[in-house]
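J.: First the structure, then my questions, so here it is.
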Amino acid sequence: MLKVDDIHTYYGLSHILFGVSLDVSEGEIVCLLGRNGAGKSTTMRSIMGLTPPRKGTIKFKGEIITGKKPYLLVRQGIGYVPDDRRVFADLNVGENLEISERKAKEGEVWNKEAIYDLFQPLKDIDSRKAGFLSGGEQQMLTIARALMTNPEFLLLDEPAEGLAPLLVKILEEQINKLRDKGLTVLLAEQNLRFALKLSNRGYIIDNGVIRYHGNIEDLRENEEVRKKYLLV
């Protein structure tokens, strides 16, 4: 479904990603692991067209999307959950969802009712302004808002960051439900335990370079790689 091939991305004159390649097949959850500053968020932003790569190609469902505007990628079926949540603070929960709604072309439809079935706590605070939500509630709302665009593919950038262990567990259950519904996910995360529980395969990025790729069982067993690239 997604194929990233040898991308090089810059912030101004700073070269951040060096030949990053990865792929995600339909129905998979694939994790992109790495320390802070390793290049995870830049990879996600490159895919979403927010920081287009200067070299290399990105394909979605066989079509080259390198450098396309984010709103066009949303129309093509890519949802994006940034690492800084970015809720509309002056709008309530229901309004945040309503302004993000995009009609699905076919198949299962994400609407407010379906969202509240998945994220029960949000239903109880439908009229509360997003600026008054807790970190965990804001994270749920950010994911819910992305789902309201009815994506086929979801980019999740560090969803567990800053959440209490109980909220991480709840989030894990919700992402598993999304996988069961057939959603394909690329998950950028530095919470190793959280990512390994959810994913089919994993990539490790360090200093803007993919250092490792394998299935989750291999990654669990490869203590040397984890120590070298993931431990602080």
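Chain identifiers are assigned as A, B, and so on, following the order in which chains appear in the structure tokens; residues are numbered from 1 within each chain, and ligands are numbered from 1 in order of appearance.
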Applying 9 Å and only C-alpha atoms, which residues near range 146-153 of chain A remain after dropping the ones on its own chain fewer than 2 positions away? List them as a PyMOL selection string.
T.: chain A and resi 1-2+26-27+74-81+97-105+108-112+115+141-144+155+182-186
J.: Could you list, as a list in words, every residue within 9 Å of range 43-45 of chain A, counting only C-alpha atoms and ignoring same-chain residues fewer than 5 positions away?
T.: Ile7, Thr9, Leu17, Val20, Leu50, Thr51, Pro52, Tyr80, Pro82, Leu155, Leu156, Asp157, Leu186, Ala188 and Gly208 of chain A
J.: Grab the residues selected above and save them as a CSV table (one decimal), in the first residue's frame with N, CA and C atoms.
T.:
```
chain,number,residue,atom,x,y,z
A,7,ILE,N,14.5,8.1,0.1
A,7,ILE,CA,14.2,9.5,0.2
A,7,ILE,C,15.2,10.2,1.1
A,9,THR,N,15.6,14.0,2.9
A,9,THR,CA,14.8,15.1,3.3
A,9,THR,C,15.6,16.1,4.1
A,17,LEU,N,17.1,13.1,6.5
A,17,LEU,CA,16.9,11.7,6.2
A,17,LEU,C,17.9,11.4,5.0
A,20,VAL,N,16.2,6.9,3.1
A,20,VAL,CA,15.2,6.1,3.9
A,20,VAL,C,14.3,5.3,2.9
A,50,LEU,N,4.3,17.3,4.2
A,50,LEU,CA,4.5,18.5,5.0
A,50,LEU,C,6.0,19.0,4.8
A,51,THR,N,6.9,18.0,4.7
A,51,THR,CA,8.3,18.3,4.5
A,51,THR,C,8.8,17.4,3.3
A,52,PRO,N,8.4,17.8,2.1
A,52,PRO,CA,8.7,16.9,0.9
A,52,PRO,C,10.2,16.6,0.8
A,80,TYR,N,-3.5,11.3,9.0
A,80,TYR,CA,-2.2,11.7,9.7
A,80,TYR,C,-2.5,12.2,11.1
A,82,PRO,N,-0.4,13.8,14.0
A,82,PRO,CA,0.9,14.4,14.4
A,82,PRO,C,1.3,14.1,15.8
A,155,LEU,N,-1.1,7.3,9.4
A,155,LEU,CA,0.2,7.6,9.9
A,155,LEU,C,0.0,8.1,11.4
A,156,LEU,N,0.6,7.3,12.3
A,156,LEU,CA,0.5,7.6,13.7
A,156,LEU,C,1.8,8.0,14.3
A,157,ASP,N,2.0,9.3,14.6
A,157,ASP,CA,3.3,9.7,15.1
A,157,ASP,C,3.3,9.8,16.6
A,186,LEU,N,1.1,2.9,9.8
A,186,LEU,CA,2.5,3.1,10.0
A,186,LEU,C,2.6,3.9,11.3
A,188,ALA,N,5.0,5.5,14.2
A,188,ALA,CA,6.3,6.0,14.6
A,188,ALA,C,6.3,6.1,16.1
A,208,GLY,N,18.8,9.5,10.9
A,208,GLY,CA,18.2,9.6,9.6
A,208,GLY,C,18.5,8.5,8.6
```
J.: So, counting only C-alpha atoms, which residue among A:Lys177, A:His8, A:Arg86, A:Arg201 is closest to Arg54 in chain A?
T.: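 Among the listed residues, A:His8 lies closest to Arg54 in chain A.
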J.: Can you tell me, as a PyMOL selection string, what residues are no more than 8 Å from Tyr229 in chain A when counting only C-alpha atoms, ignoring any on the same chain fewer than 2 positions away?
T.: chain A and resi 34-35+204-206+225-227+231
J.: Nearest to Leu219 in chain A among A:Leu166, A:Leu32, A:Gly135, A:Pro53, with distances taken over only C-alpha atoms: which residue is it?
T.: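 Closest to Leu219 in chain A, using only C-alpha atoms: A:Leu32.
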J.: Rounded to one decimal place, report the CA of Leu196 in chain A-CA of Ile216 in chain A distance in Å.
T.: 6.3 Å
J.: Could you pull the residues within 10 Å of Leu91 in chain A, counting only C-alpha atoms, minus those fewer than 6 positions along the same chain, as a compact mmCIF listing (two decimals) with C-alpha atoms, in the first residue's frame?
T.:
```
# COMPACT_ATOMS: atom_id res chain seq x y z
CA LEU A 97 -14.94 15.76 14.67
CA ILE A 99 -15.19 19.74 10.68
CA SER A 127 -19.70 19.31 24.40
CA ARG A 128 -16.44 20.02 26.23
CA LYS A 129 -13.96 22.39 24.58
CA ALA A 130 -10.86 20.57 23.35
CA GLY A 131 -8.57 23.01 25.14
```
J.: How many Å separate CA of Gln120 in chain A from CA of Met140 in chain A?
T.: 9.9 Å
J.: Calculate how many Å separate CA of Ala195 in chain A from CA of Glu28 in chain A, rounding to one decimal.
T.: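 Those two atoms sit 12.8 Å apart.
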J.: Considering only C-alpha atoms, state which residue in the set A:Leu198, A:Val4, A:Val24, A:Ile175 is at the smallest distance from Ile64 in chain A.
T.: A:Val4
J.: Name the residues in contact with Ile58 in chain A at a cut-off of 10 Å, using only C-alpha atoms, excluding same-chain residues fewer than 5 positions from it; report them as a list in words.
T.: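 Once the adjacent positions are removed, what remains is Leu2, Lys3, Val4, Asp5, Asp6, Ile7, Ser21, Leu22, Asp23, Ser46, Ile47, Met48, Gly49, Pro52, Pro53, Glu63, Ile64, Ile65, Thr66, Gly67 and Lys68 of chain A.
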J.: Could you write those residues out with N, CA and C atoms, as a PDB file, in the first residue's frame?
T.:
```pdb
ATOM      1  N   LEU A   2       1.935   1.261   0.826  1.00  0.00           N
ATOM      2  CA  LEU A   2       2.864   2.389   0.859  1.00  0.00           C
ATOM      3  C   LEU A   2       4.271   1.888   0.566  1.00  0.00           C
ATOM      4  N   LYS A   3       4.973   2.605  -0.294  1.00  0.00           N
ATOM      5  CA  LYS A   3       6.368   2.267  -0.581  1.00  0.00           C
ATOM      6  C   LYS A   3       7.190   3.550  -0.613  1.00  0.00           C
ATOM      7  N   VAL A   4       8.126   3.643   0.316  1.00  0.00           N
ATOM      8  CA  VAL A   4       9.045   4.778   0.395  1.00  0.00           C
ATOM      9  C   VAL A   4      10.399   4.286  -0.104  1.00  0.00           C
ATOM     10  N   ASP A   5      10.947   4.977  -1.114  1.00  0.00           N
ATOM     11  CA  ASP A   5      12.163   4.481  -1.758  1.00  0.00           C
ATOM     12  C   ASP A   5      13.253   5.555  -1.785  1.00  0.00           C
ATOM     13  N   ASP A   6      14.271   5.369  -0.944  1.00  0.00           N
ATOM     14  CA  ASP A   6      15.504   6.152  -0.987  1.00  0.00           C
ATOM     15  C   ASP A   6      15.254   7.661  -0.883  1.00  0.00           C
ATOM     16  N   ILE A   7      14.454   8.067   0.119  1.00  0.00           N
ATOM     17  CA  ILE A   7      14.169   9.501   0.234  1.00  0.00           C
ATOM     18  C   ILE A   7      15.234  10.224   1.058  1.00  0.00           C
ATOM     19  N   SER A  21      14.176   4.022   3.130  1.00  0.00           N
ATOM     20  CA  SER A  21      13.275   3.167   2.353  1.00  0.00           C
ATOM     21  C   SER A  21      12.488   2.287   3.321  1.00  0.00           C
ATOM     22  N   LEU A  22      11.195   2.163   3.078  1.00  0.00           N
ATOM     23  CA  LEU A  22      10.352   1.257   3.871  1.00  0.00           C
ATOM     24  C   LEU A  22       9.080   0.976   3.086  1.00  0.00           C
ATOM     25  N   ASP A  23       8.363  -0.066   3.489  1.00  0.00           N
ATOM     26  CA  ASP A  23       7.087  -0.365   2.836  1.00  0.00           C
ATOM     27  C   ASP A  23       6.102  -0.907   3.855  1.00  0.00           C
ATOM     28  N   SER A  46       7.473  13.682   5.688  1.00  0.00           N
ATOM     29  CA  SER A  46       7.858  13.529   4.285  1.00  0.00           C
ATOM     30  C   SER A  46       6.784  12.779   3.507  1.00  0.00           C
ATOM     31  N   ILE A  47       6.260  11.723   4.115  1.00  0.00           N
ATOM     32  CA  ILE A  47       5.207  10.937   3.475  1.00  0.00           C
ATOM     33  C   ILE A  47       3.962  11.801   3.278  1.00  0.00           C
ATOM     34  N   MET A  48       3.632  12.606   4.300  1.00  0.00           N
ATOM     35  CA  MET A  48       2.394  13.387   4.282  1.00  0.00           C
ATOM     36  C   MET A  48       2.511  14.671   3.469  1.00  0.00           C
ATOM     37  N   GLY A  49       3.687  14.945   2.920  1.00  0.00           N
ATOM     38  CA  GLY A  49       3.852  16.128   2.082  1.00  0.00           C
ATOM     39  C   GLY A  49       4.095  17.412   2.839  1.00  0.00           C
ATOM     40  N   PRO A  52       8.449  17.790   2.064  1.00  0.00           N
ATOM     41  CA  PRO A  52       8.701  16.901   0.922  1.00  0.00           C
ATOM     42  C   PRO A  52      10.181  16.569   0.758  1.00  0.00           C
ATOM     43  N   PRO A  53      10.496  15.317   0.441  1.00  0.00           N
ATOM     44  CA  PRO A  53      11.895  14.961   0.198  1.00  0.00           C
ATOM     45  C   PRO A  53      12.419  15.603  -1.080  1.00  0.00           C
ATOM     46  N   GLU A  63       0.703   4.634  -6.893  1.00  0.00           N
ATOM     47  CA  GLU A  63       0.788   5.963  -7.509  1.00  0.00           C
ATOM     48  C   GLU A  63       1.840   6.799  -6.803  1.00  0.00           C
ATOM     49  N   ILE A  64       2.676   7.484  -7.568  1.00  0.00           N
ATOM     50  CA  ILE A  64       3.692   8.367  -6.983  1.00  0.00           C
ATOM     51  C   ILE A  64       3.011   9.582  -6.349  1.00  0.00           C
ATOM     52  N   ILE A  65       3.280   9.786  -5.057  1.00  0.00           N
ATOM     53  CA  ILE A  65       2.662  10.908  -4.334  1.00  0.00           C
ATOM     54  C   ILE A  65       3.717  11.861  -3.776  1.00  0.00           C
ATOM     55  N   THR A  66       4.970  11.687  -4.158  1.00  0.00           N
ATOM     56  CA  THR A  66       6.060  12.494  -3.614  1.00  0.00           C
ATOM     57  C   THR A  66       5.774  13.986  -3.763  1.00  0.00           C
ATOM     58  N   GLY A  67       5.755  14.697  -2.638  1.00  0.00           N
ATOM     59  CA  GLY A  67       5.584  16.148  -2.676  1.00  0.00           C
ATOM     60  C   GLY A  67       4.159  16.629  -2.873  1.00  0.00           C
ATOM     61  N   LYS A  68       3.194  15.717  -2.930  1.00  0.00           N
ATOM     62  CA  LYS A  68       1.797  16.155  -3.066  1.00  0.00           C
ATOM     63  C   LYS A  68       1.357  16.900  -1.816  1.00  0.00           C
TER      64      LYS A  68
END
```
J.: May I have all residues of range 10-201 of chain A that DSSP, computed from the backbone, assigns to alpha helix (DSSP H), given as number ranges by chain?
T.: A: 40-47, 70-76, 93-98, 112-118, 120-124, 135-147, 165-180, 192-198
J.: List every residue of range 1-213 of chain A that DSSP, applied to the backbone of this structure, assigns to strand (DSSP E), and report them as a ChimeraX atom specification.
T.: /A:2-11,14-24,29-33,55-60,63-64,78-81,153-157,184-189,201-206,209-213
J.: Suppose we keep C-alpha atoms; can you now write the selection as a compact mmCIF listing (two decimals), in the first residue's frame?
T.:
```
# COMPACT_ATOMS: atom_id res chain seq x y z
CA LEU A 2 2.86 2.39 0.86
CA LYS A 3 6.37 2.27 -0.58
CA VAL A 4 9.05 4.78 0.39
CA ASP A 5 12.16 4.48 -1.76
CA ASP A 6 15.50 6.15 -0.99
CA ILE A 7 14.17 9.50 0.23
CA HIS A 8 16.43 12.36 1.31
CA THR A 9 14.77 15.14 3.29
CA TYR A 10 16.17 18.48 4.44
CA TYR A 11 15.17 21.26 6.83
CA SER A 14 20.25 20.49 7.24
CA HIS A 15 20.19 17.02 5.73
CA ILE A 16 17.87 14.97 7.99
CA LEU A 17 16.93 11.74 6.16
CA PHE A 18 19.55 9.80 4.24
CA GLY A 19 18.13 7.29 1.74
CA VAL A 20 15.20 6.09 3.88
CA SER A 21 13.28 3.17 2.35
CA LEU A 22 10.35 1.26 3.87
CA ASP A 23 7.09 -0.36 2.84
CA VAL A 24 3.74 -1.18 4.42
CA ILE A 29 0.73 -2.29 11.40
CA VAL A 30 4.38 -1.47 10.81
CA CYS A 31 6.37 0.42 13.42
CA LEU A 32 9.18 2.89 12.88
CA LEU A 33 11.30 2.90 16.03
CA LYS A 55 15.27 13.03 -3.64
CA GLY A 56 13.60 9.63 -3.81
CA THR A 57 10.00 8.54 -4.37
CA ILE A 58 6.94 7.77 -2.27
CA LYS A 59 4.14 5.63 -3.69
CA PHE A 60 0.66 5.05 -2.28
CA GLU A 63 0.79 5.96 -7.51
CA ILE A 64 3.69 8.37 -6.98
CA ILE A 78 -4.21 8.87 4.03
CA GLY A 79 -4.88 10.00 7.60
CA TYR A 80 -2.22 11.70 9.73
CA VAL A 81 -1.97 11.97 13.51
CA PHE A 153 -4.00 4.22 5.67
CA LEU A 154 -3.09 5.94 8.92
CA LEU A 155 0.19 7.62 9.90
CA LEU A 156 0.46 7.62 13.71
CA ASP A 157 3.31 9.73 15.06
CA THR A 184 -3.34 -0.13 7.62
CA VAL A 185 -1.01 1.78 9.96
CA LEU A 186 2.53 3.13 10.01
CA LEU A 187 3.34 3.77 13.67
CA ALA A 188 6.31 5.97 14.62
CA GLU A 189 7.11 5.34 18.26
CA ARG A 201 7.04 -5.70 11.35
CA GLY A 202 9.46 -3.03 12.45
CA TYR A 203 12.08 -0.61 11.16
CA ILE A 204 14.68 1.13 13.31
CA ILE A 205 15.90 4.57 12.28
CA ASP A 206 18.95 6.31 13.74
CA VAL A 209 19.22 6.18 8.33
CA ILE A 210 17.26 2.90 8.49
CA ARG A 211 19.53 0.61 10.51
CA TYR A 212 17.33 -2.47 10.88
CA HIS A 213 14.26 -4.11 9.39
```
J.: Which residues come within 12 Å of Glu173 in chain A, counting only C-alpha atoms, excluding same-chain residues fewer than 4 positions away, as a PDB file with N, CA and C atoms, in the first residue's frame?
T.:
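Everything below was put into selection-v8.pdb:
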```pdb
ATOM      1  N   LEU A 118     -15.957   3.472  19.333  1.00  0.00           N
ATOM      2  CA  LEU A 118     -14.553   3.109  19.534  1.00  0.00           C
ATOM      3  C   LEU A 118     -13.951   3.850  20.723  1.00  0.00           C
ATOM      4  N   PHE A 119     -14.217   5.152  20.802  1.00  0.00           N
ATOM      5  CA  PHE A 119     -13.666   5.990  21.873  1.00  0.00           C
ATOM      6  C   PHE A 119     -14.807   6.402  22.802  1.00  0.00           C
ATOM      7  N   MET A 140      -6.862  10.861  22.055  1.00  0.00           N
ATOM      8  CA  MET A 140      -7.989  10.129  21.488  1.00  0.00           C
ATOM      9  C   MET A 140      -8.702  10.972  20.431  1.00  0.00           C
ATOM     10  N   LEU A 166      -1.825   3.610  32.135  1.00  0.00           N
ATOM     11  CA  LEU A 166      -3.206   3.139  31.947  1.00  0.00           C
ATOM     12  C   LEU A 166      -3.766   3.633  30.617  1.00  0.00           C
ATOM     13  N   LEU A 167      -3.484   4.893  30.274  1.00  0.00           N
ATOM     14  CA  LEU A 167      -3.967   5.443  29.012  1.00  0.00           C
ATOM     15  C   LEU A 167      -3.264   4.795  27.817  1.00  0.00           C
ATOM     16  N   VAL A 168      -1.994   4.444  27.984  1.00  0.00           N
ATOM     17  CA  VAL A 168      -1.264   3.744  26.920  1.00  0.00           C
ATOM     18  C   VAL A 168      -1.930   2.402  26.645  1.00  0.00           C
ATOM     19  N   LYS A 169      -2.328   1.707  27.695  1.00  0.00           N
ATOM     20  CA  LYS A 169      -2.998   0.415  27.539  1.00  0.00           C
ATOM     21  C   LYS A 169      -4.333   0.568  26.804  1.00  0.00           C
ATOM     22  N   LYS A 177      -8.178  -2.537  17.706  1.00  0.00           N
ATOM     23  CA  LYS A 177      -9.517  -2.570  17.098  1.00  0.00           C
ATOM     24  C   LYS A 177      -9.486  -2.007  15.678  1.00  0.00           C
ATOM     25  N   LEU A 178      -8.670  -0.970  15.466  1.00  0.00           N
ATOM     26  CA  LEU A 178      -8.544  -0.398  14.122  1.00  0.00           C
ATOM     27  C   LEU A 178      -7.948  -1.421  13.163  1.00  0.00           C
ATOM     28  N   ARG A 179      -6.943  -2.154  13.630  1.00  0.00           N
ATOM     29  CA  ARG A 179      -6.350  -3.192  12.787  1.00  0.00           C
ATOM     30  C   ARG A 179      -7.391  -4.265  12.456  1.00  0.00           C
ATOM     31  N   ASP A 180      -8.199  -4.629  13.452  1.00  0.00           N
ATOM     32  CA  ASP A 180      -9.235  -5.639  13.226  1.00  0.00           C
ATOM     33  C   ASP A 180     -10.255  -5.171  12.198  1.00  0.00           C
ATOM     34  N   PHE A 194       5.109  -0.809  23.759  1.00  0.00           N
ATOM     35  CA  PHE A 194       3.838  -0.457  23.116  1.00  0.00           C
ATOM     36  C   PHE A 194       3.857  -0.830  21.632  1.00  0.00           C
ATOM     37  N   LYS A 197       3.917  -4.705  20.804  1.00  0.00           N
ATOM     38  CA  LYS A 197       2.644  -5.387  21.042  1.00  0.00           C
ATOM     39  C   LYS A 197       1.693  -5.246  19.855  1.00  0.00           C
ATOM     40  N   LEU A 198       1.824  -4.141  19.132  1.00  0.00           N
ATOM     41  CA  LEU A 198       0.849  -3.824  18.088  1.00  0.00           C
ATOM     42  C   LEU A 198       1.276  -4.232  16.686  1.00  0.00           C
TER      43      LEU A 198
END
```
J.: Would you please work out which residue, of A:Asp126, A:Ser134, A:Gln190, A:Leu73, is nearest to Asn96 in chain A when using only C-alpha atoms?
T.: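 Counting only C-alpha atoms, the residue closest to Asn96 in chain A is A:Asp126.
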J.: Compare A:Lys40, A:Lys61, A:Lys123, A:Arg145 by their minimum atom-to-atom distance to Val87 in chain A, counting only C-alpha atoms, and give me the closest one.
T.: A:Arg145
J.: Restricting the calculation to only C-alpha atoms: of A:Pro159, A:Leu122, A:Gln139, A:Lys228, which residue gets closest to Glu95 in chain A?
T.: A:Leu122
